[in-house]
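Visitor: The structure is given below, and queries will be raised subsequently.
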Amino acid sequence: MKAAFLHAREDVRIGELDLPPVESHALIIRVLGCGICGSDARMFFNGPSSRYTIPVILGHELSGEVVEVGPRVEGYAPGDLVTVAPIAPCMRCPPCSRGMDNLCERAQVIGCTVHGGMAEYLYVSSQMVQVGGVVRLPPGVDHRTAAMSELVGCCLHGLRQTGVRAGDRLLIVGDGPIGLTFLQLAKLMGAGWVAT
């Protein structure tokens with residue numbers, strides 16, 4: 001398959017990569033949409049950090065169509081339209097065992113420690129599938145919209161953490177994609193006055 005590999009600061013090259021054989025609980029999806037996150041741009045302009053697997057295929061805001069299903073995967077079939085969570089915790093390390101999987105010591109991070117969606121296909125590991133990191137799209141949701149679900153999910157989680165309620169006044173600092181998504185969601189949640 002063709003893919004865009006980040007090799008170093010401002011060094012992206014189109015190359016070929018063979019997909020591995022599908023593990024028993026893994027999937028392969030054909031990428032239909034992939035956003036460029038601010039973290040992707042930072043890695044391009046500043047160079048990848050030491051935790052990145054180099055070269056790496058960036059892109060964790062993505063959607064696609066399931067094209068191959070591991071023999072022990074249940075609930076997915078070729079043709080399903082899906083989106084994929086950017087992080088798959090191991091669910092076994094000390095932080096995971098305490099319910100803090102956001103601090104997982106062995107997490108797989110799409111576009112960082114495992115290849116991402118700036119490619120024709122994405123290999124979705126057994127670890128990602130088994131922790132529920134692949135979500136089937138509801139009928140009528142197109143792949144372009146679905147590729148933005150990670151961004152919207154982050155913003156919605158942030159708003160819920162703040163406890164915002166109808167009539168609250170908010171100040172949102174920043175007018176990039178995340179700030180503007182916060183703005184739209186805050187208004188939908190009934191915020192009475194929002195400044196950016």
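Chain lettering (A, B, ...) mirrors the order of the structure tokens, residue numbering begins at 1 for each chain separately, and ligand numbering begins at 1 in order of display.
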Give me, as number ranges by chain, all polymer residues having an atom no more than 12 Å from Ala41 in chain A, counting only C-alpha atoms and skipping those fewer than 6 positions away in the same chain.

Guide: A: 6, 9-12, 35, 47-48, 58-59, 111

Visitor: Could you go through range 92-141 of chain A and tell me which residues DSSP, when run on the backbone, assigns to strand (DSSP E or B), listing them as a ChimeraX atom specification?

Guide: /A:108-110,114,119,121-124,134-136

Visitor: Write the residues you've just listed into a file as a JSON list (two decimals), in the first residue's frame, and include N, CA and C atoms for each of them.

Guide:
[["chain", "number", "residue", "atom", "x", "y", "z"],
["A", 108, "GLN", "N", -0.82, 1.63, 22.81],
["A", 108, "GLN", "CA", -0.53, 1.79, 21.39],
["A", 108, "GLN", "C", -1.18, 3.10, 20.96],
["A", 109, "VAL", "N", -0.40, 3.99, 20.37],
["A", 109, "VAL", "CA", -0.90, 5.30, 19.96],
["A", 109, "VAL", "C", -0.81, 5.38, 18.44],
["A", 110, "ILE", "N", -1.96, 5.48, 17.80],
["A", 110, "ILE", "CA", -2.00, 5.52, 16.33],
["A", 110, "ILE", "C", -1.30, 6.78, 15.84],
["A", 114, "VAL", "N", 2.38, 3.25, 16.62],
["A", 114, "VAL", "CA", 1.95, 2.36, 15.53],
["A", 114, "VAL", "C", 1.51, 3.25, 14.37],
["A", 119, "ALA", "N", -2.57, 6.77, 4.91],
["A", 119, "ALA", "CA", -2.20, 5.64, 4.07],
["A", 119, "ALA", "C", -3.46, 5.09, 3.43],
["A", 121, "TYR", "N", -4.45, 1.98, 3.71],
["A", 121, "TYR", "CA", -5.05, 1.03, 4.64],
["A", 121, "TYR", "C", -4.47, 1.24, 6.03],
["A", 122, "LEU", "N", -5.22, 0.79, 7.04],
["A", 122, "LEU", "CA", -4.76, 0.83, 8.42],
["A", 122, "LEU", "C", -4.93, -0.56, 9.02],
["A", 123, "TYR", "N", -3.84, -1.07, 9.58],
["A", 123, "TYR", "CA", -3.89, -2.32, 10.33],
["A", 123, "TYR", "C", -4.32, -1.97, 11.74],
["A", 124, "VAL", "N", -5.44, -2.52, 12.19],
["A", 124, "VAL", "CA", -5.95, -2.24, 13.54],
["A", 124, "VAL", "C", -5.64, -3.47, 14.39],
["A", 134, "VAL", "N", -12.58, 0.34, 18.08],
["A", 134, "VAL", "CA", -13.13, 0.45, 16.73],
["A", 134, "VAL", "C", -14.64, 0.62, 16.87],
["A", 135, "VAL", "N", -15.18, 1.69, 16.29],
["A", 135, "VAL", "CA", -16.59, 2.02, 16.45],
["A", 135, "VAL", "C", -17.27, 2.04, 15.09],
["A", 136, "ARG", "N", -18.33, 1.22, 14.95],
["A", 136, "ARG", "CA", -19.11, 1.23, 13.71],
["A", 136, "ARG", "C", -19.89, 2.53, 13.61]]

Visitor: Which one of A:Met189, A:Val67, A:Val129, A:Cys104 sits closest to Asp80 in chain A if you count only C-alpha atoms?

Guide: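 Smallest separation from Asp80 in chain A among the options: A:Val67.
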
Visitor: Quick one: of A:Gly133, A:Gly176, A:Ser50, A:Ser125, who's nearest to Ile87 in chain A, counting only C-alpha atoms?

Guide: A:Gly133

Visitor: Residues near Pro138 in chain A, anyone? I mean within 12 Å using only C-alpha atoms, not counting same-chain ones fewer than 3 positions away, as a list of chain:residue names.

Guide: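 Selected residues are A:Asp80, A:Leu81, A:Val82, A:Thr83, A:Val135, A:Val141, A:Asp142, A:His143, A:Thr145, A:Ala146.
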
Visitor: Mind giving me the straight-line distance from CA of Leu183 in chain A to CA of Leu170 in chain A in Å, one decimal?

Guide: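 So the two atoms, CA of Leu183 in chain A and CA of Leu170 in chain A, lie 9.0 Å apart.
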